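Asks: You'll find model.txt just under this line, and it carries compact mmCIF, C-alpha atoms.
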```
# COMPACT_ATOMS: atom_id res chain seq x y z
CA MET A 1 -19.89 -9.96 26.15
CA ALA A 2 -16.82 -8.49 24.48
CA ARG A 3 -13.34 -9.86 24.40
CA VAL A 4 -10.17 -7.80 24.52
CA VAL A 5 -7.02 -9.58 23.38
CA VAL A 6 -3.65 -8.47 24.73
CA ASP A 7 -0.62 -9.77 22.84
CA VAL A 8 2.61 -9.56 24.81
CA MET A 9 5.85 -10.08 22.88
CA LEU A 10 9.48 -9.63 23.86
CA LYS A 11 10.95 -6.42 22.42
CA PRO A 12 12.78 -7.10 19.14
CA GLU A 13 16.19 -6.43 20.70
CA ILE A 14 15.63 -8.99 23.49
CA LEU A 15 16.90 -12.52 22.83
CA ASP A 16 14.14 -15.16 22.72
CA PRO A 17 15.73 -18.54 23.56
CA GLN A 18 12.37 -20.36 23.49
CA GLY A 19 11.68 -19.16 19.95
CA GLN A 20 15.22 -19.97 18.89
CA ALA A 21 14.82 -23.51 20.23
CA VAL A 22 11.74 -23.95 18.03
CA ALA A 23 13.53 -22.40 15.04
CA ASN A 24 16.49 -24.75 15.53
CA ALA A 25 14.16 -27.77 15.64
CA LEU A 26 12.48 -26.94 12.32
CA PRO A 27 15.12 -28.37 9.95
CA ARG A 28 14.53 -31.76 11.62
CA LEU A 29 10.88 -31.43 10.51
CA GLY A 30 12.06 -30.69 6.96
CA VAL A 31 11.24 -26.97 7.20
CA ASP A 32 14.05 -24.76 5.90
CA ASN A 33 12.29 -21.55 4.84
CA VAL A 34 11.66 -20.06 8.29
CA SER A 35 13.93 -17.16 9.19
CA SER A 36 12.82 -16.55 12.76
CA VAL A 37 10.38 -17.67 15.46
CA ARG A 38 9.39 -15.48 18.41
CA ILE A 39 7.17 -16.70 21.22
CA GLY A 40 5.05 -14.46 23.41
CA ARG A 41 1.79 -14.53 25.32
CA ARG A 42 -1.81 -13.99 24.24
CA ILE A 43 -4.24 -12.97 26.97
CA GLU A 44 -7.99 -12.97 26.37
CA ILE A 45 -9.92 -10.71 28.75
CA GLU A 46 -13.72 -11.06 28.73
CA PHE A 47 -15.53 -8.00 29.95
CA ALA A 48 -19.03 -8.17 31.39
CA GLY A 49 -20.67 -5.53 29.23
CA ALA A 50 -18.77 -3.12 27.00
CA PRO A 51 -15.04 -3.69 26.49
CA ASP A 52 -12.97 -1.11 28.32
CA LEU A 53 -9.76 -0.48 26.36
CA ASP A 54 -8.30 1.91 28.91
CA ARG A 55 -8.88 -0.66 31.65
CA ALA A 56 -7.34 -3.35 29.47
CA ARG A 57 -4.29 -1.17 28.85
CA GLU A 58 -3.93 -0.58 32.59
CA ILE A 59 -4.22 -4.31 33.31
CA ALA A 60 -1.66 -5.12 30.61
CA ASP A 61 0.75 -2.50 31.88
CA LYS A 62 0.49 -3.43 35.56
CA LEU A 63 -0.13 -7.19 35.53
CA LEU A 64 0.53 -8.81 32.17
CA ALA A 65 3.63 -7.30 30.60
CA ASN A 66 7.05 -6.34 31.87
CA PRO A 67 7.57 -2.99 30.11
CA VAL A 68 11.35 -3.24 30.43
CA ILE A 69 11.61 -6.22 28.10
CA GLU A 70 8.13 -6.63 26.56
CA ASP A 71 5.78 -4.73 24.24
CA PHE A 72 2.05 -5.30 24.16
CA THR A 73 -0.74 -4.66 21.66
CA ILE A 74 -4.45 -4.51 22.47
CA ASN A 75 -7.29 -5.50 20.14
CA VAL A 76 -11.04 -5.77 20.61
CA HIS A 77 -12.69 -8.93 19.26
CA GLU A 78 -16.44 -8.30 19.21
CA ASP A 79 -17.10 -11.71 17.72
CA ALA A 80 -15.02 -14.52 19.16
CA ALA A 81 -15.31 -16.77 16.08
CA ALA A 82 -13.61 -14.60 13.43
CA GLU A 83 -10.43 -16.59 13.01
CA VAL A 84 -9.49 -19.61 10.92
CA ALA A 85 -8.86 -22.78 12.90
CA MET B 1 9.10 -11.33 4.35
CA ALA B 2 5.76 -12.57 5.61
CA ARG B 3 4.76 -13.34 9.13
CA VAL B 4 2.44 -16.15 10.19
CA VAL B 5 0.99 -15.84 13.68
CA VAL B 6 -0.04 -18.96 15.56
CA ASP B 7 -2.24 -18.39 18.62
CA VAL B 8 -2.31 -21.33 21.01
CA MET B 9 -4.99 -21.29 23.70
CA LEU B 10 -6.11 -23.90 26.21
CA LYS B 11 -9.36 -25.57 25.15
CA PRO B 12 -12.36 -23.88 26.83
CA GLU B 13 -13.05 -26.90 29.03
CA ILE B 14 -9.48 -26.96 30.41
CA LEU B 15 -8.89 -25.03 33.64
CA ASP B 16 -6.45 -22.10 33.28
CA PRO B 17 -4.95 -21.39 36.73
CA GLN B 18 -2.63 -18.69 35.37
CA GLY B 19 -5.56 -16.77 33.91
CA GLN B 20 -7.58 -17.26 37.08
CA ALA B 21 -4.72 -15.85 39.15
CA VAL B 22 -4.78 -12.70 37.00
CA ALA B 23 -8.59 -12.51 37.21
CA ASN B 24 -8.43 -12.84 40.99
CA ALA B 25 -5.88 -10.01 41.21
CA LEU B 26 -8.02 -7.55 39.23
CA PRO B 27 -10.33 -6.40 42.09
CA ARG B 28 -7.20 -5.20 43.91
CA LEU B 29 -6.55 -2.93 40.90
CA GLY B 30 -10.12 -1.62 41.16
CA VAL B 31 -11.32 -3.58 38.10
CA ASP B 32 -14.60 -5.38 38.71
CA ASN B 33 -16.14 -5.74 35.23
CA VAL B 34 -13.94 -8.59 33.95
CA SER B 35 -15.66 -11.97 33.81
CA SER B 36 -12.74 -14.14 32.73
CA VAL B 37 -9.07 -14.10 31.76
CA ARG B 38 -7.41 -16.84 29.71
CA ILE B 39 -3.71 -16.91 28.97
CA GLY B 40 -2.17 -18.65 25.99
CA ARG B 41 0.80 -18.33 23.66
CA ARG B 42 1.34 -16.24 20.53
CA ILE B 43 4.03 -17.49 18.17
CA GLU B 44 5.28 -15.32 15.29
CA ILE B 45 6.90 -17.30 12.48
CA GLU B 46 8.79 -15.29 9.85
CA PHE B 47 9.07 -17.05 6.52
CA ALA B 48 11.84 -16.22 4.06
CA GLY B 49 9.69 -15.59 0.98
CA ALA B 50 6.02 -16.45 0.75
CA PRO B 51 4.23 -17.56 3.92
CA ASP B 52 3.44 -21.25 3.88
CA LEU B 53 0.21 -21.86 5.81
CA ASP B 54 0.34 -25.62 5.47
CA ARG B 55 3.89 -25.64 6.83
CA ALA B 56 2.81 -23.34 9.66
CA ARG B 57 -0.07 -25.66 10.50
CA GLU B 58 2.31 -28.63 10.56
CA ILE B 59 4.75 -26.75 12.82
CA ALA B 60 1.93 -25.72 15.16
CA ASP B 61 0.56 -29.24 15.32
CA LYS B 62 3.90 -30.97 15.90
CA LEU B 63 5.94 -28.43 17.89
CA LEU B 64 3.86 -25.59 19.29
CA ALA B 65 0.55 -26.94 20.57
CA ASN B 66 -0.51 -29.94 22.58
CA PRO B 67 -3.66 -31.01 20.70
CA VAL B 68 -5.00 -32.86 23.74
CA ILE B 69 -5.48 -29.70 25.79
CA GLU B 70 -4.88 -26.82 23.34
CA ASP B 71 -6.46 -25.31 20.24
CA PHE B 72 -4.55 -23.15 17.77
CA THR B 73 -5.48 -20.59 15.14
CA ILE B 74 -3.26 -19.45 12.28
CA ASN B 75 -3.27 -16.00 10.67
CA VAL B 76 -1.08 -14.39 8.02
CA HIS B 77 0.12 -10.84 8.77
CA GLU B 78 1.52 -9.42 5.52
CA ASP B 79 2.26 -6.11 7.20
CA ALA B 80 3.66 -6.39 10.71
CA ALA B 81 2.54 -2.90 11.80
CA ALA B 82 -1.23 -3.26 11.52
CA GLU B 83 -2.08 -3.35 15.22
CA VAL B 84 -2.66 -0.65 17.81
CA ALA B 85 0.05 -0.31 20.42
```
Could you write out this structure as structure tokens?
Replies:
Amino acid sequence: MARVVVDVMLKPEILDPQGQAVANALPRLGVDNVSSVRIGRRIEIEFAGAPDLDRAREIADKLLANPVIEDFTINVHEDAAAEVA
Amino acid sequence: MARVVVDVMLKPEILDPQGQAVANALPRLGVDNVSSVRIGRRIEIEFAGAPDLDRAREIADKLLANPVIEDFTINVHEDAAAEVA
């Protein structure tokens, strides 16, 4: 079982009010060294069998991202437990 | 300028209707080898100066994730252009 991760983020020139709301809340937490926060989506697609990057790209392009305002990146995670919690 | 990426995903035991809706739409695109789709959030935090992982963890815990239903992972991306488009 292989997992393909699609990260969808707003293009840099598109305003991100949700991220700005978080950034504006940080000084109240005592955090003053953050210059920007951007919020997007992470989609984990589990393939039965081998991961199919071309399929994943097609899914991302047609279903997951709006190419007018969003960019996406695709990564294969062979092992699901490679990140620090 | 360093970027810390916080990935927030629903815990595995929590139902993800948004991901299921995408999974259910895939056969209409001719994709039948996907076993599951889960949708979460990806938050990019840009620090002015060195990235502060403890700060990022505090922000994620207090502002970005709901620890009752969500897990988060934190990664440092020194170079923002390391992923495949």
Asks: So, counting all atoms listed in the file, which residue among A:Lys11, A:Arg57, A:Arg28, A:Arg42 is closest to chain B?
Replies: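 Checking each of A:Lys11, A:Arg57, A:Arg28, A:Arg42 against chain B, counting all atoms listed in the file, the winner is A:Arg42.
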Asks: Name all residues at most 6 Å from B:Ala48 (count all atoms listed in the file; drop same-chain ones fewer than 4 positions away) and give them as a PDB file with C-alpha atoms, in the frame of the given file.
Replies:
```pdb
ATOM      1  CA  ASN A  33      12.290 -21.550   4.840  1.00  0.00           C
ATOM      2  CA  VAL A  34      11.660 -20.060   8.290  1.00  0.00           C
ATOM      3  CA  SER A  35      13.930 -17.160   9.190  1.00  0.00           C
TER       4      SER A  35
ATOM      5  CA  MET B   1       9.100 -11.330   4.350  1.00  0.00           C
TER       6      MET B   1
END
```
Asks: In Å, rounded to a single decimal, give me how far atom CA of A:Gly19 is from atom CA of A:Ile69.
Replies: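 Calculated distance between atom CA of A:Ile69 and atom CA of A:Gly19 is 15.3 Å.
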Asks: So for stretch 52-64 of chain B, what box centre and size do we get, axis-aligned, 6 Å extra on each of the six sides, every listed atom, Å to one decimal, as AutoDock Vina command-line options?
Replies:
```
--center_x 2.9 --center_y -26.1 --center_z 11.6 --size_x 18.0 --size_y 21.7 --size_z 27.4
```
Asks: What does the distance between atom CA of B:Glu70 and atom CA of B:Gly40 come to in Å, to one decimal place?
Replies: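 Computing it gives 9.0 Å between the two atoms.
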Asks: Please determine the contact residues of chain B with respect to chain A at a cut-off of 7 Å, counting all atoms listed in the file, and supply them as a VMD selection string.
Replies: chain B and resid 33 to 48 72 to 74 83 to 85
Asks: Please compute the atom CA of A:Val68-atom CA of A:Ala21 distance, one decimal, in Å.
Replies: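 The value is 23.0 Å.
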